[in-house]
Structures are given as C-alpha cells and as structure tokens.
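Undergrad: What follows is structure20.csv; its format and atoms are CSV, C-alpha atoms and all ligand atoms.
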```csv
chain,number,residue,atom,x,y,z
A,1,MET,CA,-57.6,229.7,21.1
A,2,THR,CA,-59.1,227.8,18.2
A,3,GLN,CA,-56.6,226.3,15.7
A,4,ASP,CA,-57.0,226.4,12.0
A,5,LEU,CA,-57.1,222.8,11.0
A,6,THR,CA,-57.5,223.3,7.3
A,7,PRO,CA,-54.9,221.4,5.3
A,8,LEU,CA,-52.4,223.5,3.4
A,9,ALA,CA,-53.4,222.5,-0.1
A,10,ALA,CA,-56.6,221.2,-1.5
A,11,SER,CA,-55.0,218.5,-3.6
A,12,ALA,CA,-52.4,216.3,-1.9
A,13,GLU,CA,-50.8,213.3,-3.4
A,14,ARG,CA,-50.0,210.2,-1.3
A,15,ALA,CA,-46.7,208.8,-2.3
A,16,PRO,CA,-46.8,205.0,-2.9
A,17,ASP,CA,-45.9,202.9,0.1
A,18,ILE,CA,-42.4,201.4,-0.1
A,19,LEU,CA,-43.5,198.4,1.8
A,20,PRO,CA,-46.9,197.1,0.6
A,21,ALA,CA,-49.5,196.5,3.3
A,22,GLY,CA,-49.1,193.2,5.0
A,23,TRP,CA,-45.5,192.7,4.1
A,24,LEU,CA,-42.8,192.7,6.7
A,25,ASP,CA,-39.2,193.7,6.4
A,26,TYR,CA,-38.2,194.1,10.0
A,27,ARG,CA,-34.8,194.2,11.6
A,28,ASN,CA,-33.6,193.8,15.2
A,29,THR,CA,-30.4,195.5,15.9
A,30,GLY,CA,-28.9,193.2,18.6
A,31,THR,CA,-29.0,195.9,21.2
A,32,ARG,CA,-29.0,195.1,25.0
A,33,VAL,CA,-30.9,197.6,27.1
A,34,VAL,CA,-30.4,198.0,30.8
A,35,HIS,CA,-32.9,200.4,32.4
A,36,ARG,CA,-33.0,200.6,36.2
A,37,PRO,CA,-31.8,202.9,39.0
A,38,GLY,CA,-28.1,202.3,39.5
A,39,ALA,CA,-27.6,200.9,36.0
A,40,ILE,CA,-24.6,203.3,35.4
A,41,ASP,CA,-22.6,201.6,38.1
A,42,THR,CA,-22.6,198.3,36.2
A,43,LEU,CA,-20.9,199.9,33.2
A,44,GLY,CA,-17.5,198.3,33.8
A,45,ALA,CA,-18.8,194.8,33.9
A,46,GLU,CA,-21.1,195.4,30.9
A,47,ALA,CA,-18.1,196.8,28.9
A,48,LYS,CA,-16.0,193.8,29.9
A,49,ALA,CA,-18.8,191.4,28.7
A,50,LEU,CA,-18.6,193.1,25.3
A,51,GLY,CA,-14.8,192.5,25.2
A,52,CYS,CA,-14.0,196.2,25.6
A,53,GLU,CA,-10.7,196.8,27.4
A,54,ARG,CA,-9.7,200.2,26.1
A,55,VAL,CA,-12.7,202.5,25.5
A,56,MET,CA,-12.9,206.2,24.5
A,57,VAL,CA,-15.6,208.1,26.3
A,58,VAL,CA,-17.4,210.6,24.0
A,59,CYS,CA,-19.3,213.5,25.4
A,60,GLY,CA,-19.9,217.2,25.4
A,61,GLY,CA,-18.5,219.8,27.9
A,62,ASN,CA,-21.7,220.0,30.0
A,63,THR,CA,-22.0,216.3,30.4
A,64,ARG,CA,-18.3,216.1,31.4
A,65,ARG,CA,-19.1,218.4,34.3
A,66,SER,CA,-22.0,216.4,35.6
A,67,LYS,CA,-22.2,214.0,38.5
A,68,LEU,CA,-23.5,211.4,36.2
A,69,PHE,CA,-20.3,211.5,34.2
A,70,ASP,CA,-18.2,211.0,37.3
A,71,ARG,CA,-20.1,207.8,38.0
A,72,VAL,CA,-19.6,206.7,34.4
A,73,LEU,CA,-15.8,207.1,34.7
A,74,ALA,CA,-15.7,205.4,38.1
A,75,ALA,CA,-17.7,202.5,36.8
A,76,LEU,CA,-15.4,202.1,33.8
A,77,GLY,CA,-12.2,202.4,35.8
A,78,PRO,CA,-9.0,201.7,33.9
A,79,ARG,CA,-11.0,200.6,30.8
A,80,ALA,CA,-11.6,204.3,30.1
A,81,VAL,CA,-8.3,205.2,28.4
A,82,LEU,CA,-9.4,208.5,26.9
A,83,VAL,CA,-12.2,211.1,27.3
A,84,PHE,CA,-13.1,213.0,24.1
A,85,ASP,CA,-15.3,215.8,25.4
A,86,GLN,CA,-15.5,218.0,22.3
A,87,VAL,CA,-19.0,217.0,21.2
A,88,VAL,CA,-21.1,219.9,19.9
A,89,GLU,CA,-24.8,220.2,19.2
A,90,HIS,CA,-25.8,218.5,15.9
A,91,SER,CA,-22.2,217.0,15.9
A,92,ALA,CA,-19.7,218.3,13.3
A,93,VAL,CA,-17.6,216.7,10.6
A,94,ASP,CA,-14.3,218.2,11.8
A,95,MET,CA,-15.0,217.3,15.4
A,96,VAL,CA,-15.8,213.7,14.5
A,97,THR,CA,-12.7,213.4,12.3
A,98,ARG,CA,-10.6,214.6,15.3
A,99,GLY,CA,-12.3,212.1,17.6
A,100,ALA,CA,-11.6,209.2,15.1
A,101,GLN,CA,-7.9,210.3,14.9
A,102,LEU,CA,-7.5,210.2,18.7
A,103,ALA,CA,-9.3,206.8,18.9
A,104,ARG,CA,-6.9,205.4,16.4
A,105,GLU,CA,-3.8,206.8,18.2
A,106,HIS,CA,-5.0,205.3,21.5
A,107,ARG,CA,-5.9,201.9,19.9
A,108,VAL,CA,-9.4,202.0,21.5
A,109,ASP,CA,-11.6,198.9,21.2
A,110,GLY,CA,-14.9,200.5,22.1
A,111,LEU,CA,-16.7,203.8,22.3
A,112,VAL,CA,-18.8,204.9,25.2
A,113,ALA,CA,-21.1,207.8,24.4
A,114,VAL,CA,-22.5,209.8,27.3
A,115,GLY,CA,-25.2,212.3,26.7
A,116,GLY,CA,-28.0,212.9,24.2
A,117,GLY,CA,-28.3,212.6,20.5
A,118,SER,CA,-25.2,214.6,19.6
A,119,ALA,CA,-22.9,212.4,21.7
A,120,SER,CA,-24.5,209.3,20.4
A,121,ASP,CA,-24.3,210.4,16.7
A,122,SER,CA,-20.7,211.6,17.2
A,123,ALA,CA,-19.7,208.1,18.6
A,124,LYS,CA,-21.4,206.5,15.6
A,125,GLY,CA,-19.6,208.9,13.2
A,126,ILE,CA,-16.3,208.0,14.8
A,127,ALA,CA,-17.1,204.3,14.4
A,128,ILE,CA,-17.8,204.9,10.7
A,129,LEU,CA,-14.5,206.6,10.1
A,130,LEU,CA,-12.6,203.9,12.1
A,131,GLY,CA,-14.3,201.1,10.1
A,132,GLU,CA,-14.7,202.6,6.7
A,133,GLY,CA,-11.7,205.0,6.5
A,134,GLY,CA,-11.8,207.9,4.0
A,135,ARG,CA,-13.7,211.1,4.7
A,136,LEU,CA,-17.1,211.2,6.4
A,137,GLN,CA,-18.8,212.9,3.5
A,138,GLU,CA,-18.1,209.9,1.3
A,139,HIS,CA,-20.3,207.7,3.5
A,140,ALA,CA,-23.5,209.7,3.6
A,141,SER,CA,-26.7,208.6,1.9
A,142,ARG,CA,-28.4,210.9,-0.7
A,143,PHE,CA,-31.9,211.7,-1.8
A,144,GLU,CA,-33.0,213.4,-5.0
A,145,PRO,CA,-36.7,214.5,-5.0
A,146,PRO,CA,-39.2,213.4,-5.8
A,147,ASP,CA,-38.3,209.7,-5.4
A,148,ARG,CA,-34.7,208.7,-5.9
A,149,PHE,CA,-33.0,207.6,-2.7
A,150,PHE,CA,-29.3,206.5,-2.8
A,151,PRO,CA,-28.5,204.6,0.4
A,152,LYS,CA,-24.8,204.2,1.1
A,153,PRO,CA,-23.9,200.7,2.5
A,154,LEU,CA,-21.2,200.8,5.2
A,155,PRO,CA,-20.1,197.1,5.3
A,156,ALA,CA,-16.8,197.3,7.2
A,157,PRO,CA,-16.9,195.9,10.8
A,158,LYS,CA,-17.5,198.6,13.4
A,159,LEU,CA,-16.3,199.1,17.0
A,160,PRO,CA,-19.0,198.5,19.6
A,161,VAL,CA,-20.8,201.6,20.8
A,162,ILE,CA,-22.1,201.7,24.4
A,163,THR,CA,-24.4,204.6,25.2
A,164,VAL,CA,-25.3,206.1,28.5
A,165,VAL,CA,-28.4,208.1,27.7
A,166,THR,CA,-29.3,211.4,29.3
A,167,THR,CA,-32.2,212.6,27.0
A,168,ALA,CA,-35.2,211.2,25.2
A,169,SER,CA,-33.9,211.7,21.7
A,170,ALA,CA,-33.5,207.9,21.1
A,171,ALA,CA,-30.5,208.5,18.8
A,172,GLU,CA,-28.7,205.6,20.6
A,173,VAL,CA,-31.4,203.1,19.5
A,174,THR,CA,-31.2,203.7,15.8
A,175,PRO,CA,-28.7,202.6,13.1
A,176,GLY,CA,-28.8,206.1,11.7
A,177,LEU,CA,-27.1,209.4,12.5
A,178,GLY,CA,-26.8,212.9,11.3
A,179,ILE,CA,-23.7,215.1,11.4
A,180,ARG,CA,-23.5,218.8,10.5
A,181,ASP,CA,-21.1,219.6,7.6
A,182,ASN,CA,-19.2,222.8,7.4
A,183,ASP,CA,-21.7,224.3,5.0
A,184,GLY,CA,-24.6,223.9,7.4
A,185,ARG,CA,-26.1,220.8,5.8
A,186,LYS,CA,-26.9,217.7,7.8
A,187,LEU,CA,-25.1,214.6,6.4
A,188,LEU,CA,-27.1,211.4,7.1
A,189,PHE,CA,-25.7,207.9,7.5
A,190,TRP,CA,-27.3,204.5,8.1
A,191,ASP,CA,-25.9,201.1,8.9
A,192,ASN,CA,-27.3,198.4,11.2
A,193,THR,CA,-23.9,197.8,12.8
A,194,LEU,CA,-23.9,201.4,14.2
A,195,ALA,CA,-26.8,200.9,16.6
A,196,SER,CA,-25.6,200.8,20.2
A,197,ARG,CA,-24.6,197.3,21.4
A,198,LEU,CA,-25.5,198.3,24.9
A,199,ILE,CA,-27.8,201.1,26.1
A,200,VAL,CA,-27.8,202.2,29.8
A,201,LEU,CA,-30.8,204.1,31.1
A,202,ASP,CA,-30.8,205.2,34.7
A,203,PRO,CA,-33.9,207.1,35.7
A,204,GLU,CA,-32.4,208.1,39.1
A,205,ALA,CA,-29.4,209.7,37.5
A,206,ASN,CA,-31.6,211.3,34.9
A,207,VAL,CA,-33.1,213.6,37.6
A,208,GLU,CA,-29.9,215.7,37.2
A,209,VAL,CA,-30.9,216.4,33.5
A,210,PRO,CA,-32.9,219.7,33.3
A,211,VAL,CA,-36.6,218.9,32.8
A,212,ALA,CA,-36.8,221.3,29.9
A,213,VAL,CA,-34.2,219.3,28.0
A,214,MET,CA,-36.1,216.1,28.8
A,215,ALA,CA,-39.4,217.7,27.6
A,216,THR,CA,-38.2,219.0,24.3
A,217,THR,CA,-36.3,215.8,23.5
A,218,ALA,CA,-39.4,213.8,24.5
A,219,MET,CA,-41.3,215.8,21.9
A,220,ASN,CA,-38.7,214.5,19.4
A,221,GLY,CA,-39.3,211.0,20.6
A,222,PHE,CA,-43.0,211.5,20.3
A,223,ALA,CA,-42.5,212.8,16.7
A,224,HIS,CA,-40.7,209.5,15.9
A,225,CYS,CA,-43.8,207.6,16.8
A,226,VAL,CA,-46.0,209.9,14.7
A,227,GLU,CA,-43.8,209.9,11.7
A,228,GLY,CA,-43.3,206.1,11.9
A,229,LEU,CA,-47.1,205.6,12.1
A,230,TYR,CA,-47.7,207.1,8.6
A,231,SER,CA,-44.3,206.5,7.0
A,232,ARG,CA,-44.1,204.9,3.6
A,233,LEU,CA,-42.0,202.2,5.2
A,234,ARG,CA,-44.2,201.4,8.3
A,235,ASN,CA,-45.1,197.8,9.1
A,236,PRO,CA,-47.3,196.1,11.7
A,237,ILE,CA,-44.5,195.8,14.2
A,238,SER,CA,-43.4,199.5,14.0
A,239,ASP,CA,-47.1,200.4,14.2
A,240,ALA,CA,-47.5,198.5,17.5
A,241,LEU,CA,-44.3,200.1,18.9
A,242,ALA,CA,-45.4,203.6,17.8
A,243,LEU,CA,-48.9,203.4,19.3
A,244,HIS,CA,-47.6,202.2,22.6
A,245,GLY,CA,-44.8,204.8,22.6
A,246,ILE,CA,-47.5,207.4,22.1
A,247,ARG,CA,-49.5,206.0,25.1
A,248,LEU,CA,-46.4,206.0,27.3
A,249,PHE,CA,-45.4,209.6,26.3
A,250,MET,CA,-48.9,210.8,27.0
A,251,ASP,CA,-48.9,209.3,30.4
A,252,ALA,CA,-45.3,210.1,31.5
A,253,LEU,CA,-44.3,213.4,29.9
A,254,PRO,CA,-46.9,215.7,31.6
A,255,ARG,CA,-46.2,213.9,34.9
A,256,MET,CA,-42.4,214.4,34.5
A,257,VAL,CA,-42.9,218.1,33.7
A,258,ALA,CA,-45.3,218.6,36.7
A,259,ASN,CA,-42.8,216.9,39.0
A,260,PRO,CA,-39.3,216.8,37.7
A,261,LYS,CA,-38.1,214.7,40.6
A,262,ASP,CA,-40.6,211.9,39.8
A,263,ILE,CA,-38.3,209.0,38.9
A,264,ASP,CA,-41.2,206.8,37.8
A,265,ALA,CA,-42.2,209.5,35.3
A,266,ARG,CA,-38.6,209.9,34.1
A,267,ALA,CA,-38.5,206.1,33.6
A,268,GLY,CA,-41.7,206.2,31.6
A,269,VAL,CA,-40.3,208.9,29.3
A,270,LEU,CA,-37.1,207.0,28.8
A,271,ASN,CA,-39.1,203.8,28.0
A,272,ALA,CA,-41.3,205.7,25.6
A,273,ALA,CA,-38.2,207.3,23.9
A,274,HIS,CA,-36.7,203.8,23.5
A,275,LEU,CA,-39.8,202.6,21.8
A,276,SER,CA,-39.7,205.6,19.5
A,277,GLY,CA,-36.2,204.7,18.5
A,278,MET,CA,-37.3,201.2,17.6
A,279,VAL,CA,-40.1,202.7,15.5
A,280,ILE,CA,-37.8,204.7,13.3
A,281,SER,CA,-35.1,202.0,13.1
A,282,ASN,CA,-37.5,200.3,10.8
A,283,ALA,CA,-40.2,202.8,9.6
A,284,ARG,CA,-37.8,205.8,9.4
A,285,VAL,CA,-38.8,209.4,9.7
A,286,GLY,CA,-40.6,211.8,7.4
A,287,ILE,CA,-40.7,215.4,6.3
A,288,HIS,CA,-41.1,216.7,9.9
A,289,HIS,CA,-37.6,215.4,10.6
A,290,ALA,CA,-36.3,216.6,7.3
A,291,ILE,CA,-37.3,220.1,8.4
A,292,CYS,CA,-36.0,219.7,12.0
A,293,HIS,CA,-32.6,218.4,10.7
A,294,CYS,CA,-32.3,221.6,8.7
A,295,LEU,CA,-33.7,223.9,11.4
A,296,GLY,CA,-30.8,222.5,13.5
A,297,ALA,CA,-28.0,222.3,11.0
A,298,ALA,CA,-28.6,225.6,9.2
A,299,GLY,CA,-30.7,227.5,11.8
A,300,GLY,CA,-29.0,226.5,15.0
A,301,LEU,CA,-32.1,225.2,16.8
A,302,SER,CA,-31.7,222.2,19.1
A,303,HIS,CA,-33.4,219.1,17.6
A,304,GLY,CA,-35.8,218.9,20.5
A,305,VAL,CA,-36.9,222.5,20.2
A,306,ALA,CA,-37.4,222.2,16.5
A,307,ASN,CA,-39.4,219.0,17.0
A,308,SER,CA,-41.5,220.6,19.7
A,309,ILE,CA,-42.6,223.5,17.5
A,310,MET,CA,-43.0,221.8,14.1
A,311,LEU,CA,-45.0,218.6,14.9
A,312,PRO,CA,-48.6,219.8,14.8
A,313,HIS,CA,-47.9,221.8,11.6
A,314,VAL,CA,-46.5,218.8,9.8
A,315,MET,CA,-49.3,216.5,11.0
A,316,LEU,CA,-51.7,219.0,9.5
A,317,TYR,CA,-49.7,219.0,6.3
A,318,ASN,CA,-49.9,215.2,6.1
A,319,LEU,CA,-53.5,215.0,7.2
A,320,PRO,CA,-55.0,214.7,3.7
A,321,VAL,CA,-53.0,211.6,3.0
A,322,ALA,CA,-52.7,210.1,6.5
A,323,GLN,CA,-56.2,210.4,8.0
A,324,THR,CA,-56.5,206.7,8.9
A,325,GLU,CA,-53.1,206.6,10.7
A,326,LEU,CA,-53.8,209.9,12.6
A,327,ALA,CA,-57.2,208.6,13.7
A,328,GLY,CA,-55.4,205.5,15.1
A,329,MET,CA,-53.0,207.8,16.9
A,330,ALA,CA,-56.0,209.7,18.4
A,331,GLN,CA,-57.4,206.5,19.7
A,332,ALA,CA,-54.0,205.8,21.4
A,333,MET,CA,-54.4,209.2,23.0
A,334,GLY,CA,-57.8,208.4,24.4
A,335,VAL,CA,-60.0,209.9,21.7
A,336,MET,CA,-62.7,207.2,21.1
A,337,GLN,CA,-65.6,209.3,19.7
A,338,GLY,CA,-66.2,210.7,16.3
A,339,THR,CA,-65.6,209.9,12.7
A,340,GLU,CA,-62.2,209.0,11.3
A,341,ALA,CA,-61.8,212.6,10.0
A,342,GLU,CA,-62.8,214.0,13.4
A,343,GLN,CA,-60.4,211.7,15.2
A,344,ALA,CA,-57.5,212.6,12.9
A,345,GLN,CA,-58.0,216.3,13.6
A,346,ALA,CA,-58.3,215.5,17.3
A,347,ALA,CA,-54.9,213.9,17.2
A,348,ILE,CA,-53.4,217.2,16.1
A,349,GLN,CA,-55.3,219.1,18.8
A,350,LYS,CA,-54.0,216.6,21.4
A,351,VAL,CA,-50.5,217.3,20.3
A,352,ARG,CA,-51.1,221.1,20.7
A,353,GLU,CA,-52.4,220.3,24.2
A,354,LEU,CA,-49.3,218.2,24.9
A,355,GLN,CA,-47.1,221.1,23.9
A,356,VAL,CA,-48.8,223.1,26.6
A,357,SER,CA,-48.6,220.5,29.3
A,358,ALA,CA,-45.0,219.7,28.4
A,359,LYS,CA,-44.2,223.5,28.5
A,360,VAL,CA,-42.2,223.4,25.2
A,361,PRO,CA,-41.8,226.2,22.7
A,362,THR,CA,-44.5,226.5,20.0
A,363,ARG,CA,-43.3,229.2,17.7
A,364,LEU,CA,-40.1,229.5,15.6
A,365,ARG,CA,-40.1,233.3,16.2
A,366,ASP,CA,-39.5,232.7,19.9
A,367,THR,CA,-36.3,230.8,19.3
A,368,GLY,CA,-33.9,233.5,18.1
A,369,LEU,CA,-33.9,231.9,14.6
A,370,ASP,CA,-33.2,234.4,11.8
A,371,ILE,CA,-36.3,234.5,9.6
A,372,SER,CA,-34.3,235.2,6.5
A,373,LEU,CA,-32.9,231.6,6.8
A,374,LEU,CA,-36.4,230.0,6.2
A,375,PRO,CA,-36.0,229.7,2.4
A,376,LEU,CA,-32.6,228.1,2.7
A,377,ILE,CA,-33.9,225.7,5.4
A,378,ALA,CA,-36.8,224.8,3.1
A,379,ASP,CA,-34.3,224.1,0.2
A,380,HIS,CA,-32.2,221.8,2.4
A,381,ALA,CA,-35.2,220.0,3.8
A,382,LEU,CA,-36.5,219.1,0.3
A,383,VAL,CA,-33.4,216.9,-0.3
A,384,ASP,CA,-33.2,215.4,3.2
A,385,ARG,CA,-34.0,211.7,3.1
A,386,GLY,CA,-37.0,212.2,5.5
A,387,THR,CA,-38.9,213.8,2.6
A,388,TYR,CA,-38.5,210.5,0.7
A,389,PHE,CA,-40.2,208.5,3.5
A,390,ASN,CA,-42.9,211.0,4.0
A,391,PRO,CA,-46.4,209.9,3.0
A,392,ARG,CA,-47.4,213.1,1.3
A,393,ARG,CA,-45.4,213.6,-1.9
A,394,THR,CA,-43.5,216.9,-1.8
A,395,VAL,CA,-41.8,218.1,-4.9
A,396,SER,CA,-41.0,221.7,-4.2
A,397,ALA,CA,-39.4,223.7,-1.4
A,398,GLU,CA,-42.4,226.1,-1.5
A,399,ALA,CA,-44.7,223.7,0.4
A,400,ILE,CA,-42.0,223.4,3.1
A,401,LEU,CA,-41.5,227.1,3.2
A,402,GLN,CA,-45.2,227.6,3.8
A,403,LEU,CA,-45.0,225.1,6.7
A,404,LEU,CA,-42.0,227.1,8.2
A,405,LYS,CA,-43.9,230.3,7.9
A,406,GLN,CA,-47.0,228.8,9.6
A,407,ALA,CA,-44.7,227.7,12.5
A,408,TRP,CA,-43.0,231.1,12.6
B,1,FE,FE,-35.5,212.9,16.0
```
Show how you would write the structure in this file as structure tokens.
TA:
Amino acid sequence: MTQDLTPLAASAERAPDILPAGWLDYRNTGTRVVHRPGAIDTLGAEAKALGCERVMVVCGGNTRRSKLFDRVLAALGPRAVLVFDQVVEHSAVDMVTRGAQLAREHRVDGLVAVGGGSASDSAKGIAILLGEGGRLQEHASRFEPPDRFFPKPLPAPKLPVITVVTTASAAEVTPGLGIRDNDGRKLLFWDNTLASRLIVLDPEANVEVPVAVMATTAMNGFAHCVEGLYSRLRNPISDALALHGIRLFMDALPRMVANPKDIDARAGVLNAAHLSGMVISNARVGIHHAICHCLGAAGGLSHGVANSIMLPHVMLYNLPVAQTELAGMAQAMGVMQGTEAEQAQAAIQKVRELQVSAKVPTRLRDTGLDISLLPLIADHALVDRGTYFNPRRTVSAEAILQLLKQAW
C-alpha cells in the first residue's frame, strides 16, 4: 500500500530553537545502571550501597504475580518493609497520594519501583509528595500555547528511587513523570532529583514480559529518539544518543519480535530504550508525546499503543520544518541514497515498515477508543508541554484533531 506523504498544511512555521545551534546545556542525572542477566539478584546489596534500609516496593497487580517480582523480594530481603501494589496504568493522583501516606507511616527511606512507566512514575510521584508535601497538583508544570511554559521547581530533597525495569518505556531514566488527574488530564512534573538513582535491567528475566508489551513500549522508546532529534531543545549530545538509539532499535526490535526468547535481542531493546530516556532527559519530547499523553489519560490507550500508532503521522506533520533532522534519522536507518527531501520521507516510510515488523497496532479505530473523544484529546494535547518543545509551531487544536483523524 502506498502512503500519502503530503504534509498536512502547505505553510508550516518552525518554532524558534530554545537552545541555539552549537550551545550546550546538558545534564547528567547521577544514575547507576546495571544491565546483565541475574542483575535482579544483586538488588539487596545495591540498595544497601545507597543507604536504603527500609524500602517500599511499588508495582501493579500483574507485576506482583510475576516470577520476576518474587526474585525482587527475595533479593531485597528484610529491607522490603512494605509492598504497595496498587499502581494503575497512567498512574493516578489518588493512588499516588495513598502510596505516599503509607510510605510516611512506615518511615521508608527508599522506593523500589518494579514494572514499566506507570510503576516508575508512581514511585517518582510518591517521592515528590514525601519531599515537597502539599497536593500533587500544586507541583505540576504548566504550558500556555503558543509559547509560555511555566516549569515548577521541586527543590526539596527526595528519597532515592530504585527501578527494576520490565518494559522499554524508559520512564525510569528521566527526571520527568506524568500522572493522570481525576478529570482525565495528565499532570506533568520534572525535577532532576527524581531520576532513578539505580536502574536494574535484566534481559533474562525480561523474557517473562509479553513480547507485545515490549514491542509497543519499544515504539515509545523509538519515538523518544525521533522527538529528541528535532526538538527545540536538542543538542549535539542528545543527537548522538538519539541516532544510536534508533540504530539499536532498528536492529533489536524486529529480532525480538521474531524470536521472543532471544535474550540478546531483548538486551538490545533495553539498551536502546535506555538511550531514548537519556535523549528526552535533555531534549524533551514534542507534540507526538503531547498527543499520546492525552490518548492515554483521556482515551484509555496504553502509552505504548498510542506511540505505536501516532508516530508516522506526527513525523509527517513535522516534516515541513524538520526535513534535515529526519534525513539524518533515515541515514541512521540505513537510507544513504537520495536528496535530503527524499531521505526525510524515507524515514517516515521506514517507521511504517517498523510498525509491521514489530507487529504493533497502526490505527486508532482498532484500539476500542471512542471516536467522540478525539476533539477533547486534541484540546488537552494543545496545552501539554510537549507541544511547547515541538519544532512545528501549533497554535490551535484543529491541527491536532486532523492528526488524530488521520490516525483513526
Ligand atoms: Fe514516552
């Protein structure tokens, strides 16, 4: 099937770069990463090295029933004073508030998140409440289109977060997080002290995670690399990380889907995902993530599924202002022939091919999403901070609604 690669609008405005070309404002988060078979079994010693004697384990119900979880608890031994297994997809303000209350009552000195992005974000949200006090909503950043961003500093010291990763979402890498409010909006937070102090990746234990979950969350990681490459806040270091992340995903993701027991392929996907988290820890994400946040929080889609579907549509939307970056991406995907314009279009086509080899969903209509929610999702996405960092200036929800309809 041939794809229509015509950009949505004839005139597209590139928003000015926040970080001028050649400047660097780069941050390392002080995270230690241990990635090897059997890494989970070292968790007790690693927690001790961080000075954690009384940790609360944070996870969802499915994770709690996994073999991987049993190994986590065995490795932590008496250091695990409490298991909080109420994490829900996209996290939730009330749930995080309950978790913080329990952590306070049990005087915990560290949090161990086990699972994917929602477990990781919930642990970070609990750390915010324990450190900053007050209500979660008070600590969220805010964006007013077209160009007014209000970051919310979170200066209080935070409990260390240790993360045992089961998906390719890379949430554990970043200082940012999203939590669903009761009205279906995604509240977004950011502070460098929230990034995991220790990340444990275990490709052998990962074989227990369904390959479909790994594939859709890998598309999320892949999208981090794409959005970081053309972000208004990109820099030479995030560019390098993004391009290599794309290479690793292109190599490992199809191999993992073809052979779900391939530990080397799982390890490749986990490494690529980690790189993708390093990309957005500095370059941030764009309008693709703004849309995916709202497809999740208001529409109920998993973040990985939303990412899997939306990415080529949003790349096409950004093509008129990000041709050079997309051409560079195509080269990382092995496209060496053609003009810059041809290569940029090839990058989008390559992503469509990746959707097929990764066996991920490609249409919103197949997800059970209620089509009447699309205008609301577009309205919410317009004021998500991702829209601020996106290279193509977007001043009305109508453009986002068009994108959603294309993806439908
Ligand atoms: Fe993401």
Undergrad: Using all atoms listed in the file, which of the listed residues (A:Leu76, A:Ala39, A:Ala218, A:Val114) sits closest to ligand FE 1 (chain B)?
TA: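 Of A:Leu76, A:Ala39, A:Ala218, A:Val114, the one nearest ligand FE 1 (chain B), counting all atoms listed in the file, is A:Ala218.
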Undergrad: Might you pull out every residue within 10 Å of Asn192 of chain A, with all atoms listed in the file counted and same-chain residues fewer than 4 positions away left off, and present them as an MDAnalysis selection string?
TA: chainID A and resid 27:30 153:155 174:176 196 281
Undergrad: One decimal, Å: what's the distance from atom CA of Glu138 of chain A over to atom FE of ligand FE 1 (chain B), could you say?
TA: 23.0 Å
Undergrad: Which residue is closest to ligand FE 1 (chain B)? Choose from A:Leu248, A:Val321, A:Met56, A:Val226 and count all atoms listed in the file.
TA: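 Checking each of A:Leu248, A:Val321, A:Met56, A:Val226 against ligand FE 1 (chain B), counting all atoms listed in the file, the winner is A:Val226.
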Undergrad: Quick one: contact table of chain A to ligand FE 1 (chain B), 8 Å max, nearest atom pair and distance in Å to one decimal per residue, counting all atoms listed in the file, chain and number order, as a tab-separated table?
TA:
```
residue	atom	partner	partner_atom	distance
A:Ser169	CA	B:FE1	FE	6.0
A:Ala170	CA	B:FE1	FE	7.4
A:Ala171	CA	B:FE1	FE	7.2
A:Asn220	CA	B:FE1	FE	4.9
A:Gly221	CA	B:FE1	FE	6.3
A:Ala223	CA	B:FE1	FE	7.0
A:His224	CA	B:FE1	FE	6.2
A:Val285	CA	B:FE1	FE	7.9
A:His289	CA	B:FE1	FE	6.3
A:Cys292	CA	B:FE1	FE	7.9
A:His303	CA	B:FE1	FE	6.7
A:Gly304	CA	B:FE1	FE	7.5
A:Asn307	CA	B:FE1	FE	7.3
```
Undergrad: Save the residues we just selected, C-alpha atoms, as a PDB file, in the frame of the given file?
TA:
```pdb
ATOM      1  CA  SER A 169     -33.900 211.700  21.700  1.00  0.00           C
ATOM      2  CA  ALA A 170     -33.500 207.900  21.100  1.00  0.00           C
ATOM      3  CA  ALA A 171     -30.500 208.500  18.800  1.00  0.00           C
ATOM      4  CA  ASN A 220     -38.700 214.500  19.400  1.00  0.00           C
ATOM      5  CA  GLY A 221     -39.300 211.000  20.600  1.00  0.00           C
ATOM      6  CA  ALA A 223     -42.500 212.800  16.700  1.00  0.00           C
ATOM      7  CA  HIS A 224     -40.700 209.500  15.900  1.00  0.00           C
ATOM      8  CA  VAL A 285     -38.800 209.400   9.700  1.00  0.00           C
ATOM      9  CA  HIS A 289     -37.600 215.400  10.600  1.00  0.00           C
ATOM     10  CA  CYS A 292     -36.000 219.700  12.000  1.00  0.00           C
ATOM     11  CA  HIS A 303     -33.400 219.100  17.600  1.00  0.00           C
ATOM     12  CA  GLY A 304     -35.800 218.900  20.500  1.00  0.00           C
ATOM     13  CA  ASN A 307     -39.400 219.000  17.000  1.00  0.00           C
TER      14      ASN A 307
END
```
Undergrad: I need the residue nearest Gln101 of chain A from this list: A:Gly117, A:Pro78, A:Gly299, A:Gly125. Use only C-alpha atoms for the distance.
TA: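 Distance minimum relative to Gln101 of chain A lands on A:Gly125.
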Undergrad: With a distance cut-off of 9 Å and only C-alpha atoms, select the neighbouring residues of Asn318 of chain A, excluding the residue or stretch itself and same-chain residues fewer than 4 positions from it, and output the selection as a list in words.
TA: Pro7, Ala12, Arg14, Tyr230, His313, Val314, Ala322, Gln323, Asn390, Pro391 and Arg392 of chain A
Undergrad: Have a look at atom CA of Asp202 of chain A and atom CA of His35 of chain A and let me know their distance in Å, one decimal.
TA: 5.7 Å
Undergrad: Could you give me, as a PyMOL selection string, the residues within 9 Å of Asn206 of chain A, counting all atoms listed in the file and dropping anything in the same chain fewer than 4 positions from it?
TA: chain A and resi 68+165-167+201-202+210+214+263+266-267
Undergrad: From the set A:Ile280, A:Val383, A:Arg180, A:Pro312, which residue has the shortest atom-to-atom contact distance to Ile348 of chain A, counting all atoms listed in the file?
TA: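 Counting all atoms listed in the file, the residue closest to Ile348 of chain A is A:Pro312.
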Undergrad: When you count all atoms listed in the file, which of these residues is closest to Glu208 of chain A: A:Asp379, A:Asp25, A:Asp183, A:Asp262?
TA: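 Among the listed residues, A:Asp262 lies closest to Glu208 of chain A.
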Undergrad: Ranking A:Lys67, A:Arg393, A:Lys152, A:His139 by minimum distance to Pro320 of chain A and counting only C-alpha atoms, which one comes first?
TA: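 Comparing A:Lys67, A:Arg393, A:Lys152, A:His139 against Pro320 of chain A, the winner is A:Arg393.
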Undergrad: From (-47.0, 196.8, 2.1), in the file's coordinates, out to 9 Å: which residues are reached, counting only C-alpha atoms? Answer as a short mmCIF file (atom, residue, chain, number, x, y, z; two decimals) with C-alpha atoms, in the coordinates of the input.
TA:
```
data_model
loop_
_atom_site.label_atom_id
_atom_site.label_comp_id
_atom_site.auth_asym_id
_atom_site.auth_seq_id
_atom_site.Cartn_x
_atom_site.Cartn_y
_atom_site.Cartn_z
CA ASP A 17 -45.90 202.90 0.10
CA ILE A 18 -42.40 201.40 -0.10
CA LEU A 19 -43.50 198.40 1.80
CA PRO A 20 -46.90 197.10 0.60
CA ALA A 21 -49.50 196.50 3.30
CA GLY A 22 -49.10 193.20 5.00
CA TRP A 23 -45.50 192.70 4.10
CA LEU A 24 -42.80 192.70 6.70
CA ARG A 232 -44.10 204.90 3.60
CA LEU A 233 -42.00 202.20 5.20
CA ARG A 234 -44.20 201.40 8.30
CA ASN A 235 -45.10 197.80 9.10
#
```
